[in-house]
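Content type compact mmCIF, C-alpha atoms, from the file start_3.txt:
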```
# COMPACT_ATOMS: atom_id res chain seq x y z
CA MET A 1068 -15.95 20.33 19.74
CA THR A 1069 -19.58 19.59 20.34
CA GLU A 1070 -21.49 17.69 22.97
CA ARG A 1071 -19.78 14.42 22.30
CA GLY A 1072 -16.39 16.08 22.34
CA LYS A 1073 -17.17 17.47 25.80
CA LYS A 1074 -18.42 14.10 26.97
CA GLN A 1075 -15.16 12.55 25.78
CA LEU A 1076 -12.94 15.04 27.56
CA PRO A 1077 -12.82 13.29 30.97
CA PHE A 1078 -11.97 10.02 29.23
CA ARG A 1079 -9.24 11.76 27.25
CA LEU A 1080 -7.74 13.15 30.47
CA LEU A 1081 -7.95 9.76 32.16
CA LEU A 1082 -6.22 8.19 29.15
CA VAL A 1083 -3.43 10.76 29.21
CA ALA A 1084 -2.96 10.20 32.94
CA LEU A 1085 -2.80 6.42 32.53
CA LEU A 1086 -0.36 6.69 29.65
CA PHE A 1087 1.76 9.09 31.71
CA VAL A 1088 1.93 6.48 34.48
CA LEU A 1089 2.85 3.84 31.88
CA THR A 1090 5.60 6.03 30.43
CA ALA A 1091 6.98 6.79 33.88
CA GLY A 1092 6.96 3.09 34.78
CA LEU A 1093 8.66 2.00 31.58
CA GLY A 1094 11.19 4.83 31.85
CA TYR A 1095 11.96 3.86 35.44
CA ALA A 1096 12.38 0.23 34.39
CA VAL A 1097 14.80 1.23 31.63
CA LEU A 1098 16.83 3.55 33.86
CA THR A 1099 17.24 0.97 36.65
CA LEU A 1100 18.83 -1.55 34.28
CA PRO A 1101 22.57 -2.06 34.85
CA SER A 1102 24.59 0.38 32.78
CA GLN A 1103 26.95 -2.35 31.58
CA ALA A 1104 25.49 -5.55 30.20
CA PRO A 1105 27.35 -7.34 27.40
CA GLY A 1106 24.37 -9.66 26.88
CA LEU A 1107 25.17 -12.46 24.49
CA SER A 1108 27.95 -10.66 22.62
CA ASN A 1109 30.75 -12.69 24.24
CA PRO A 1110 29.36 -16.15 23.29
CA VAL A 1111 28.69 -14.85 19.76
CA VAL A 1112 32.25 -13.58 19.38
CA ALA A 1113 33.64 -16.82 20.84
CA ASN A 1114 31.75 -18.97 18.31
CA LEU A 1115 32.09 -16.64 15.33
CA GLU A 1116 34.90 -18.78 13.87
CA ALA A 1117 32.62 -21.81 13.54
CA SER A 1118 29.68 -19.92 12.05
CA GLY A 1119 31.06 -19.60 8.51
CA VAL A 1120 30.75 -15.79 8.34
CA SER A 1121 32.56 -12.96 10.08
CA ASN A 1122 29.68 -10.47 10.42
CA PRO A 1123 28.19 -11.23 13.86
CA VAL A 1124 24.67 -10.09 12.89
CA THR A 1125 24.59 -12.39 9.86
CA ALA A 1126 25.99 -15.19 12.02
CA VAL A 1127 23.12 -14.74 14.50
CA LEU A 1128 20.48 -14.40 11.78
CA LEU A 1129 21.47 -17.41 9.70
CA ASN A 1130 23.34 -19.69 12.04
CA PHE A 1131 22.89 -19.23 15.79
CA ARG A 1132 19.22 -18.32 15.59
CA ALA A 1133 18.46 -19.55 12.11
CA TYR A 1134 15.06 -20.92 13.12
CA ASP A 1135 13.92 -17.35 13.81
CA THR A 1136 14.75 -16.44 10.24
CA LEU A 1137 13.12 -19.63 8.97
CA LEU A 1138 9.86 -18.81 10.76
CA GLU A 1139 10.12 -15.18 9.67
CA LEU A 1140 10.18 -16.21 6.00
CA GLY A 1141 7.05 -18.21 6.81
CA VAL A 1142 5.42 -15.10 8.29
CA LEU A 1143 6.20 -13.13 5.12
CA LEU A 1144 4.57 -15.83 3.01
CA LEU A 1145 1.53 -15.94 5.31
CA ALA A 1146 1.08 -12.16 5.03
CA LEU A 1147 1.15 -12.51 1.24
CA PHE A 1148 -1.48 -15.28 1.40
CA GLY A 1149 -3.62 -12.98 3.52
CA VAL A 1150 -3.30 -10.11 1.05
CA TRP A 1151 -4.00 -12.36 -1.91
CA SER A 1152 -7.08 -13.86 -0.30
CA LEU A 1153 -8.49 -10.33 0.14
CA ALA A 1154 -8.24 -9.86 -3.63
CA ALA A 1155 -11.10 -7.34 -3.68
CA VAL A 1156 -8.57 -4.54 -4.03
CA PRO A 1157 -9.70 -2.26 -6.83
CA GLU A 1158 -7.13 -2.37 -9.59
CA CYS A 1159 -5.51 1.03 -9.55
CA ARG A 1160 -5.34 2.47 -13.06
CA GLU A 1161 -2.16 4.46 -12.81
CA SER A 1162 -1.57 7.21 -15.27
CA PRO A 1163 1.25 6.39 -17.70
CA PRO A 1164 4.63 7.30 -16.22
CA GLY A 1165 6.14 10.66 -17.08
CA PRO A 1166 9.48 10.82 -18.89
CA VAL A 1167 11.34 11.36 -15.61
CA LEU A 1168 9.99 8.26 -13.86
CA ASP A 1169 10.39 6.19 -17.02
CA GLY A 1170 13.99 7.24 -17.60
CA LEU A 1171 14.87 7.04 -13.92
CA SER A 1172 13.56 3.50 -13.58
CA ARG A 1173 15.55 2.38 -16.62
CA LEU A 1174 18.63 3.91 -15.07
CA LEU A 1175 18.06 2.76 -11.47
CA VAL A 1176 16.71 -0.78 -11.71
CA PRO A 1177 19.95 -2.38 -12.98
CA TRP A 1178 21.89 -0.53 -10.29
CA LEU A 1179 19.47 -1.63 -7.59
CA ILE A 1180 19.85 -5.26 -8.67
CA LEU A 1181 23.62 -4.84 -8.59
CA VAL A 1182 23.45 -3.27 -5.11
CA ALA A 1183 21.25 -6.16 -3.92
CA GLY A 1184 23.84 -8.63 -5.17
CA TYR A 1185 26.62 -6.69 -3.45
CA LEU A 1186 24.73 -6.51 -0.14
CA LEU A 1187 24.07 -10.26 -0.32
CA TRP A 1188 27.77 -11.00 -0.87
CA ALA A 1189 29.04 -8.41 1.60
CA GLY A 1190 26.72 -9.68 4.34
CA ALA A 1191 29.25 -12.38 5.20
CA HIS A 1192 31.82 -9.93 6.51
CA ALA A 1193 30.28 -6.41 6.56
CA PRO A 1194 26.88 -4.82 7.22
CA GLY A 1195 24.41 -6.31 4.77
CA GLY A 1196 22.74 -9.64 4.19
CA ALA A 1197 19.62 -11.30 2.88
CA PHE A 1198 17.08 -8.89 4.37
CA GLN A 1199 18.80 -5.74 3.19
CA ALA A 1200 19.47 -7.21 -0.26
CA GLY A 1201 15.89 -8.48 -0.47
CA SER A 1202 14.44 -5.09 0.39
CA VAL A 1203 16.63 -3.35 -2.19
CA LEU A 1204 15.42 -5.91 -4.73
CA ALA A 1205 11.85 -5.16 -3.63
CA ALA A 1206 12.50 -1.46 -4.14
CA ALA A 1207 13.54 -2.22 -7.73
CA GLY A 1208 10.33 -4.22 -8.14
CA VAL A 1209 8.20 -1.41 -6.73
CA LEU A 1210 9.86 1.05 -9.12
CA LEU A 1211 9.06 -1.23 -12.05
CA LEU A 1212 5.47 -1.68 -10.87
CA LEU A 1213 5.08 2.11 -10.56
CA THR A 1214 6.08 2.58 -14.18
CA GLY A 1215 3.25 0.28 -15.19
CA TRP A 1216 5.37 -2.81 -15.83
CA ARG A 1217 3.61 -6.09 -15.07
CA LEU A 1218 4.92 -9.61 -14.93
CA ASP A 1219 4.26 -11.44 -18.18
CA THR A 1220 1.39 -13.91 -17.76
CA ARG A 1221 3.75 -16.71 -18.78
CA PHE A 1222 5.68 -16.15 -15.55
CA SER A 1223 2.92 -15.15 -13.17
CA GLY A 1224 1.79 -18.72 -12.56
CA LEU A 1225 4.19 -21.38 -11.36
CA PRO A 1226 7.49 -19.45 -11.83
CA LEU A 1227 6.27 -16.58 -9.62
CA ARG A 1228 5.07 -18.93 -6.92
CA MET A 1229 8.30 -20.92 -7.04
CA SER A 1230 10.35 -17.78 -6.49
CA LEU A 1231 8.05 -16.73 -3.63
CA VAL A 1232 8.58 -19.98 -1.72
CA ALA A 1233 12.23 -20.50 -2.74
CA GLY A 1234 13.63 -18.97 0.45
CA LEU A 1235 11.49 -21.01 2.82
CA GLY A 1236 11.87 -24.11 0.64
CA VAL A 1237 15.67 -24.05 0.49
CA PHE A 1238 15.80 -23.34 4.23
CA VAL A 1239 13.55 -26.30 5.07
CA VAL A 1240 15.41 -28.62 2.68
CA VAL A 1241 18.75 -27.69 4.28
CA ALA A 1242 17.29 -28.22 7.76
CA VAL A 1243 15.85 -31.64 6.86
CA VAL A 1244 19.03 -32.80 5.11
CA LEU A 1245 21.13 -31.77 8.11
CA ILE A 1246 18.83 -33.73 10.45
CA LEU A 1247 19.01 -36.77 8.17
CA MET A 1248 22.79 -36.50 8.19
CA GLY A 1249 22.66 -36.93 11.95
CA GLY A 1250 22.98 -33.32 13.07
CA ARG A 1251 20.50 -31.23 14.99
CA LEU A 1252 18.06 -28.71 13.53
CA LEU A 1253 19.99 -26.18 11.42
CA GLU A 1254 23.34 -27.12 12.95
CA TYR A 1255 25.69 -26.53 10.03
CA PRO A 1256 29.01 -28.39 9.87
CA PRO A 1257 31.64 -25.62 10.22
CA SER A 1258 33.51 -26.74 7.09
CA PHE A 1259 30.78 -25.71 4.69
CA ALA A 1260 28.66 -23.45 6.90
CA GLY A 1261 29.69 -20.41 4.82
CA ALA A 1262 28.52 -21.99 1.57
CA LEU A 1263 25.23 -23.13 3.11
CA ILE A 1264 24.57 -19.66 4.50
CA LEU A 1265 25.25 -18.07 1.11
CA LEU A 1266 22.90 -20.59 -0.58
CA ILE A 1267 20.08 -19.94 1.90
CA GLU A 1268 20.66 -16.18 1.74
CA ALA A 1269 20.54 -16.12 -2.05
CA ALA A 1270 17.20 -17.95 -2.10
CA ALA A 1271 15.88 -15.83 0.78
CA THR A 1272 16.90 -12.59 -0.99
CA LEU A 1273 14.94 -13.57 -4.09
CA SER A 1274 11.90 -14.58 -2.02
CA ILE A 1275 11.95 -11.51 0.20
CA GLY A 1276 12.25 -9.20 -2.79
CA MET A 1277 9.46 -10.90 -4.74
CA THR A 1278 7.19 -11.16 -1.68
CA LEU A 1279 7.55 -7.51 -0.70
CA ALA A 1280 6.95 -6.37 -4.29
CA ALA A 1281 3.89 -8.65 -4.48
CA LEU A 1282 2.63 -7.19 -1.20
CA PHE A 1283 2.99 -3.75 -2.77
CA LEU A 1284 0.97 -4.79 -5.83
CA GLY A 1285 -1.80 -6.05 -3.55
CA ALA A 1286 -4.02 -8.16 -5.75
CA ARG A 1287 -3.07 -11.64 -6.90
CA PRO A 1288 -1.73 -11.64 -10.46
CA GLU A 1289 -3.77 -13.78 -12.80
CA ALA A 1290 -2.06 -17.00 -13.83
CA GLY A 1291 -1.53 -17.41 -17.54
CA PRO A 1292 -2.96 -20.24 -19.60
CA MET B 1325 23.80 7.57 31.98
CA SER B 1326 25.01 7.14 28.43
CA PRO B 1327 23.56 7.96 24.99
CA ALA B 1328 22.14 4.42 24.91
CA PHE B 1329 19.77 5.30 27.75
CA LEU B 1330 18.75 8.52 26.03
CA TYR B 1331 17.69 6.54 22.97
CA ALA B 1332 15.96 3.93 25.14
CA LEU B 1333 13.91 6.70 26.78
CA VAL B 1334 13.05 8.12 23.35
CA GLY B 1335 11.91 4.61 22.41
CA VAL B 1336 9.64 4.48 25.48
CA GLY B 1337 8.25 7.89 24.51
CA LEU B 1338 7.56 6.75 20.95
CA PHE B 1339 5.79 3.65 22.26
CA THR B 1340 3.36 5.60 24.44
CA LEU B 1341 2.89 8.27 21.76
CA GLY B 1342 1.87 5.54 19.34
CA LEU B 1343 -0.37 3.91 21.92
CA TYR B 1344 -2.16 7.20 22.55
CA ALA B 1345 -2.73 7.77 18.82
CA LEU B 1346 -3.86 4.17 18.40
CA ILE B 1347 -6.57 4.69 21.01
CA VAL B 1348 -7.87 8.16 20.12
CA HIS B 1349 -7.92 8.10 16.30
CA ALA B 1350 -10.84 6.44 14.56
CA HIS B 1351 -9.36 6.33 11.07
CA LEU B 1352 -7.82 2.93 10.36
CA LEU B 1353 -4.86 4.32 8.39
CA ARG B 1354 -3.92 6.41 11.42
CA LYS B 1355 -4.15 3.36 13.63
CA ILE B 1356 -1.76 1.53 11.28
CA LEU B 1357 0.66 4.48 11.39
CA ALA B 1358 0.38 4.48 15.20
CA ILE B 1359 1.20 0.76 15.41
CA ASN B 1360 4.25 1.38 13.22
CA VAL B 1361 5.44 4.16 15.52
CA MET B 1362 4.96 1.83 18.51
CA ALA B 1363 7.03 -0.84 16.74
CA SER B 1364 9.79 1.70 16.07
CA GLY B 1365 9.80 2.58 19.77
CA VAL B 1366 10.20 -1.06 20.78
CA PHE B 1367 13.03 -1.54 18.26
CA LEU B 1368 14.76 1.57 19.55
CA VAL B 1369 14.64 0.29 23.15
CA LEU B 1370 16.00 -3.11 22.09
CA VAL B 1371 18.92 -1.73 20.06
CA ALA B 1372 19.70 0.98 22.61
CA LEU B 1373 19.94 -1.58 25.41
CA ALA B 1374 22.15 -3.75 23.20
CA ALA B 1375 24.70 -0.92 23.07
CA ARG B 1376 25.51 -1.19 26.80
CA THR B 1377 28.92 -2.73 26.12
CA GLN B 1378 31.82 -0.63 27.33
CA GLY B 1379 33.47 0.42 24.09
CA ALA B 1380 33.16 -3.05 22.55
CA ALA B 1381 30.91 -3.91 19.59
CA PRO B 1382 27.25 -4.00 20.63
CA ASP B 1383 25.35 -7.23 21.26
CA PRO B 1384 24.39 -8.61 17.81
CA VAL B 1385 21.46 -10.74 19.00
CA PRO B 1386 18.99 -7.84 19.51
CA HIS B 1387 20.19 -6.37 16.20
CA ALA B 1388 19.25 -9.57 14.39
CA MET B 1389 15.88 -9.63 16.18
CA VAL B 1390 15.19 -6.04 15.15
CA ILE B 1391 16.06 -6.71 11.49
CA THR B 1392 13.64 -9.64 11.56
CA GLY B 1393 11.11 -7.41 13.30
CA ILE B 1394 11.36 -4.65 10.68
CA VAL B 1395 10.59 -7.12 7.89
CA VAL B 1396 7.71 -8.65 9.86
CA ALA B 1397 6.38 -5.15 10.59
CA VAL B 1398 6.29 -4.20 6.91
CA SER B 1399 4.51 -7.41 5.94
CA ALA B 1400 2.01 -6.96 8.77
CA THR B 1401 1.47 -3.36 7.63
CA ALA B 1402 0.78 -4.55 4.08
CA LEU B 1403 -1.77 -7.06 5.37
CA ALA B 1404 -3.40 -4.44 7.59
CA LEU B 1405 -3.65 -1.99 4.69
CA ALA B 1406 -5.26 -4.68 2.51
CA LEU B 1407 -7.74 -5.40 5.31
CA MET B 1408 -8.49 -1.68 5.59
CA LEU B 1409 -9.23 -1.43 1.87
CA ARG B 1410 -11.54 -4.43 2.25
CA VAL B 1411 -13.34 -2.81 5.18
CA ARG B 1412 -13.69 0.30 3.03
CA ALA B 1413 -15.14 -1.71 0.15
CA GLU B 1414 -17.60 -3.53 2.42
CA THR B 1415 -18.84 -0.68 4.62
CA GLY B 1416 -17.98 2.43 2.62
CA ARG B 1417 -15.83 3.89 5.37
CA ALA B 1418 -12.29 3.44 6.60
CA GLU B 1419 -13.08 4.20 10.22
CA LEU B 1420 -14.27 2.20 13.14
CA ALA B 1421 -17.86 2.99 14.02
CA GLU B 1422 -18.14 5.05 17.20
CA GLU B 1423 -21.38 3.31 18.08
CA PRO B 1424 -22.25 -0.19 16.91
CA LEU B 1425 -23.94 -0.37 13.52
CA GLU B 1426 -27.25 -2.08 13.96
CA MET C 928 33.68 16.17 21.03
CA THR C 929 31.62 14.26 23.55
CA LEU C 930 29.53 17.36 24.11
CA LEU C 931 28.89 17.55 20.36
CA HIS C 932 27.78 13.90 20.37
CA TRP C 933 25.43 14.53 23.26
CA ALA C 934 23.97 17.57 21.51
CA PHE C 935 23.48 15.54 18.33
CA ASP C 936 21.81 12.69 20.22
CA ALA C 937 19.52 15.10 22.04
CA VAL C 938 18.50 16.88 18.83
CA LEU C 939 17.94 13.55 17.05
CA GLY C 940 15.86 12.13 19.91
CA PHE C 941 13.79 15.27 20.13
CA SER C 942 13.25 15.33 16.35
CA LEU C 943 12.14 11.69 16.39
CA LEU C 944 9.52 12.38 19.05
CA TRP C 945 8.40 15.59 17.37
CA LEU C 946 8.10 14.00 13.91
CA ALA C 947 6.20 11.03 15.32
CA TRP C 948 3.82 13.38 17.09
CA GLN C 949 3.34 15.51 13.97
CA ALA C 950 2.78 12.42 11.80
CA LEU C 951 0.17 11.04 14.19
CA ALA C 952 -1.63 14.32 14.88
CA SER C 953 -1.59 15.90 11.42
CA PRO C 954 -5.14 16.38 10.14
CA ASP C 955 -4.12 15.66 6.55
CA LEU C 956 -3.45 11.98 5.86
CA PHE C 957 -1.02 12.66 2.99
CA ARG C 958 1.03 14.96 5.20
CA ALA C 959 0.93 12.37 7.97
CA ILE C 960 2.40 9.72 5.66
CA VAL C 961 5.12 12.00 4.34
CA LEU C 962 6.08 12.90 7.91
CA PHE C 963 6.14 9.20 8.76
CA ILE C 964 8.60 8.57 5.90
CA ALA C 965 10.81 11.36 7.26
CA PHE C 966 10.52 9.71 10.66
CA GLY C 967 11.77 6.44 9.14
CA LEU C 968 14.80 8.18 7.65
CA LEU C 969 15.69 9.73 11.01
CA MET C 970 15.31 6.30 12.62
CA ALA C 971 17.99 5.03 10.19
CA LEU C 972 20.24 7.82 11.49
CA ALA C 973 19.52 6.75 15.07
CA TRP C 974 20.53 3.15 14.24
CA VAL C 975 23.86 4.42 12.90
CA ARG C 976 24.42 6.38 16.11
CA LEU C 977 23.69 3.22 18.10
CA ASP C 978 26.36 1.28 16.17
CA ALA C 979 23.86 -0.87 14.29
CA PRO C 980 24.67 -0.39 10.58
CA ASP C 981 22.86 -3.61 9.63
CA VAL C 982 19.64 -2.34 11.14
CA ALA C 983 20.21 1.07 9.56
CA LEU C 984 20.42 -0.49 6.08
CA ALA C 985 17.25 -2.50 6.62
CA GLU C 986 15.41 0.52 8.02
CA ALA C 987 16.49 2.84 5.20
CA ALA C 988 15.31 0.38 2.56
CA ILE C 989 12.16 -0.86 4.29
CA GLY C 990 11.06 1.61 6.95
CA ALA C 991 11.54 4.68 4.80
CA GLY C 992 11.19 3.30 1.27
CA LEU C 993 8.83 0.36 1.08
CA THR C 994 6.49 1.26 3.92
CA GLY C 995 6.14 4.76 2.50
CA ALA C 996 5.36 3.45 -0.98
CA LEU C 997 2.82 1.02 0.48
CA LEU C 998 1.10 3.71 2.54
CA LEU C 999 0.97 6.21 -0.34
CA THR C 1000 -0.48 3.68 -2.81
CA THR C 1001 -3.09 2.64 -0.27
CA LEU C 1002 -4.01 6.28 0.30
CA ALA C 1003 -4.42 6.73 -3.47
CA ARG C 1004 -6.65 3.63 -3.64
CA LEU C 1005 -8.62 4.87 -0.65
CA ASP C 1006 -9.27 8.25 -2.28
CA LYS C 1007 -10.21 6.61 -5.55
CA SER C 1008 -12.59 4.14 -3.94
CA SER C 1009 -14.13 6.90 -1.81
CA GLY C 1010 -15.43 8.58 -4.94
CA ARG C 1011 -16.71 5.34 -6.39
CA GLY C 1012 -17.86 3.80 -3.14
CA PHE C 1013 -19.95 6.86 -2.37
CA GLY C 1014 -21.93 6.55 -5.58
CA ARG C 1015 -22.32 2.84 -5.14
CA THR C 1016 -23.63 3.25 -1.62
CA LEU C 1017 -26.45 5.46 -2.79
CA GLY C 1018 -27.10 3.48 -5.96
CA HIS C 1019 -27.21 -0.07 -4.63
CA PRO C 1020 -28.86 -0.58 -1.27
CA SER C 1021 -26.78 -3.72 -0.77
CA GLY C 1022 -23.52 -1.89 -1.29
CA GLY C 1023 -23.26 0.07 1.94
CA ASN C 1024 -24.35 0.05 5.54
CA ASN C 1025 -27.79 1.08 6.69
CA ARG C 1026 -26.79 4.32 8.30
CA ASP C 1027 -26.17 5.92 4.94
CA VAL C 1028 -29.74 5.28 3.92
CA ILE C 1029 -31.23 6.45 7.19
CA HIS C 1030 -29.27 9.70 7.49
CA PRO C 1031 -28.29 10.51 3.94
CA SER C 1032 -27.81 14.23 4.42
CA LYS C 1033 -25.58 14.04 7.46
CA LYS C 1034 -23.51 11.26 5.97
CA GLU C 1035 -23.31 13.00 2.64
CA THR C 1036 -21.81 16.18 4.01
CA LYS C 1037 -19.43 14.19 6.15
CA ALA C 1038 -18.26 12.09 3.23
CA LEU C 1039 -17.91 15.10 0.96
CA HIS C 1040 -15.93 16.98 3.53
CA LYS C 1041 -13.71 13.99 4.06
CA LYS C 1042 -13.11 13.62 0.35
CA ASP C 1043 -12.04 17.22 0.02
CA THR C 1044 -9.57 17.43 2.81
CA GLY C 1045 -8.86 13.86 3.78
CA THR C 1046 -9.39 14.85 7.38
CA GLU C 1047 -11.34 13.24 10.11
CA VAL C 1048 -14.56 14.95 11.02
CA HIS C 1049 -15.39 15.18 14.68
CA ASP C 1050 -19.05 15.71 15.33
```
Rewrite the structure from the file as structure tokens, please.
Amino acid sequence: MTERGKKQLPFRLLLVALLFVLTAGLGYAVLTLPSQAPGLSNPVVANLEASGVSNPVTAVLLNFRAYDTLLELGVLLLALFGVWSLAAVPECRESPPGPVLDGLSRLLVPWLILVAGYLLWAGAHAPGGAFQAGSVLAAAGVLLLLTGWRLDTRFSGLPLRMSLVAGLGVFVVVAVVLILMGGRLLEYPPSFAGALILLIEAAATLSIGMTLAALFLGARPEAGP
Amino acid sequence: MSPAFLYALVGVGLFTLGLYALIVHAHLLRKILAINVMASGVFLVLVALAARTQGAAPDPVPHAMVITGIVVAVSATALALALMLRVRAETGRAELAEEPLE
Amino acid sequence: MTLLHWAFDAVLGFSLLWLAWQALASPDLFRAIVLFIAFGLLMALAWVRLDAPDVALAEAAIGAGLTGALLLTTLARLDKSSGRGFGRTLGHPSGGNNRDVIHPSKKETKALHKKDTGTEVHD
């Protein structure tokens, strides 16, 4: 600690004092909340029958508050656009993978894809769903990228971009079709709500997995000829 | 007082801990870590307060919001890290200047 | 049984705060990131205790796995570019900010020290 450190000390103490007040205030606010508050769980349970799935969290994510999820897929895509437009990331020359990483990735990637499929299917009635499946898929992608695997240039143009926007695209198409059929925004008819949710989730899983893996890679892959 | 409130208080603590680190550290990677800790604190408060149902299943709406939030947080982190690498490439340092660069 | 639950919750809450503090205060960036990954794993445990298995799954895959991988790769790129960026700053006047040219010696020692330990230097 030199001169500047000493000069900073009063500010540091003031900061700690202010943050202490903030913590005390927030803690007081939390503790004075009523100890029993069911929130929105009763309406969710009451309408679960009509939602097409039996896992309440999936029902909220893809039916009751589906527009949140729709916008969230948009946010993911925007973040990827941001990363790609900053393409000045130095290409990291990784050393070739050791035998352990190489063998492990061969062993794990098929399993991870299988687990992603299971989570997607199980999301209708048990913990799981598009986000969990998508992130497991992304983990498989990251593992592949770490071993030095790169997408073939044949697929890094249009096919890659199609898979990145598939989730948002399918979601928007479903929303527009439902409006044209006379419903309201993302109001699924109960008879085929389950099928629609599975369709949207499948596309969203692919998009989330590809987007997160692309975010990990950083730079924009060059499109092939 | 129930375990839910204990976790909510831990969430408040994480939030202010992250805020403190966000203010005092100059290195951008530390600031990104601090923002992530703050986000975890907010999520913890949300989910803890959703568990205030006597014995019944907790409120699923905050759970769905937190799942969305976790995915948004990771994409925002990726964008922030890319921005940090760009700052590094442009200025040669990954820290905020303590006094303005002329 | 309830007492055991309370003890577990208290230990978990304390560990979360302690790990977060260690991750944010650790002088070594690599150590900070590894502690942050451990923090993410404990968060997944907290979600399970709060009856939120959906959130726990998402956190385990994203908070602990993907965020950690992202942070570690970025740290590797940062270290790599610090070696290169340093040379470029001195070689091309356009490549860096003016301060490096005005105070080369002070900046040099700072940058070298930073490269060795990855720590912040308070002056």
Test item: residues at most 8 Å from segment 1330-1347 of chain B, only C-alpha atoms, excluding those fewer than 4 positions along its chain, as a PyMOL selection string = (chain A and resi 1082-1083+1086+1089-1090+1093-1094+1097) or (chain B and resi 1325-1326+1354-1356+1358-1370+1372-1373) or (chain C and resi 936-937+940-941+943-944+947-948+951-952)
task = Write out as a VMD selection string each polymer residue whose atoms come within 7 Å of segment 982-985 of chain C, counting only C-alpha atoms; drop sequence neighbours fewer than 3 positions from it.
result = (chain A and resid 1198 to 1199) or (chain B and resid 1387 1391) or (chain C and resid 971 974 to 975 979 988 to 989)
task = Considering only C-alpha atoms, state which residue in the set A:Val1111, A:Leu1171, A:Ala1084, A:Val1120 is at the smallest distance from Leu1213 of chain A.
result = A:Leu1171
Residues of chain B within 8 Å of chain A, counting all atoms listed in the file, as a ChimeraX atom specification = /B:1325,1329,1332-1333,1336-1337,1340,1344,1374,1376-1378,1381-1385,1387-1389,1391-1392,1395-1396,1399-1400,1402-1403,1406-1407,1409-1410,1413
inquiry  = Residues of chain C were defined as contacting chain A if any atom lay at most 9 Å from it, counting all atoms listed in the file; please report them as a VMD selection string.
reply    = chain C and resid 979 to 982 984 to 986 988 to 989 992 to 993 996 to 997 1000 1003 to 1004 1007 to 1008 1049 to 1050
Keeping only C-alpha atoms, write those residues as a compact mmCIF listing (two decimals), in the coordinates of the input.
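Saved as out-v3.txt:
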```txt
# COMPACT_ATOMS: atom_id res chain seq x y z
CA ALA C 979 23.86 -0.87 14.29
CA PRO C 980 24.67 -0.39 10.58
CA ASP C 981 22.86 -3.61 9.63
CA VAL C 982 19.64 -2.34 11.14
CA LEU C 984 20.42 -0.49 6.08
CA ALA C 985 17.25 -2.50 6.62
CA GLU C 986 15.41 0.52 8.02
CA ALA C 988 15.31 0.38 2.56
CA ILE C 989 12.16 -0.86 4.29
CA GLY C 992 11.19 3.30 1.27
CA LEU C 993 8.83 0.36 1.08
CA ALA C 996 5.36 3.45 -0.98
CA LEU C 997 2.82 1.02 0.48
CA THR C 1000 -0.48 3.68 -2.81
CA ALA C 1003 -4.42 6.73 -3.47
CA ARG C 1004 -6.65 3.63 -3.64
CA LYS C 1007 -10.21 6.61 -5.55
CA SER C 1008 -12.59 4.14 -3.94
CA HIS C 1049 -15.39 15.18 14.68
CA ASP C 1050 -19.05 15.71 15.33
```
note = Of B:Gly1379, B:Val1411, B:Leu1405, B:Gly1393, the one nearest to chain C when counting all atoms listed in the file is B:Leu1405
message = Just the number, please: distance in Å from atom CA of Gly1261 of chain A to atom CA of Ala1133 of chain A, one decimal.
response =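 So the two atoms, atom CA of Gly1261 of chain A and atom CA of Ala1133 of chain A, lie 13.4 Å apart.
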message = Ranking B:Leu1420, B:Val1390, B:Val1348, B:Ala1380 by minimum distance to chain C and counting only C-alpha atoms, which one comes first?
response =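 Nearest to chain C: B:Val1390.
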ask   = Distance atom CA of Leu1353 of chain B-atom CA of Gln949 of chain C, one decimal place?
value =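 Result for atom CA of Leu1353 of chain B versus atom CA of Gln949 of chain C: 15.0 Å, one decimal.
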request  = May I ask for the distance between atom CA of Ala973 of chain C and atom CA of Ala934 of chain C, given in Å to one decimal place?
outcome  = 13.4 Å
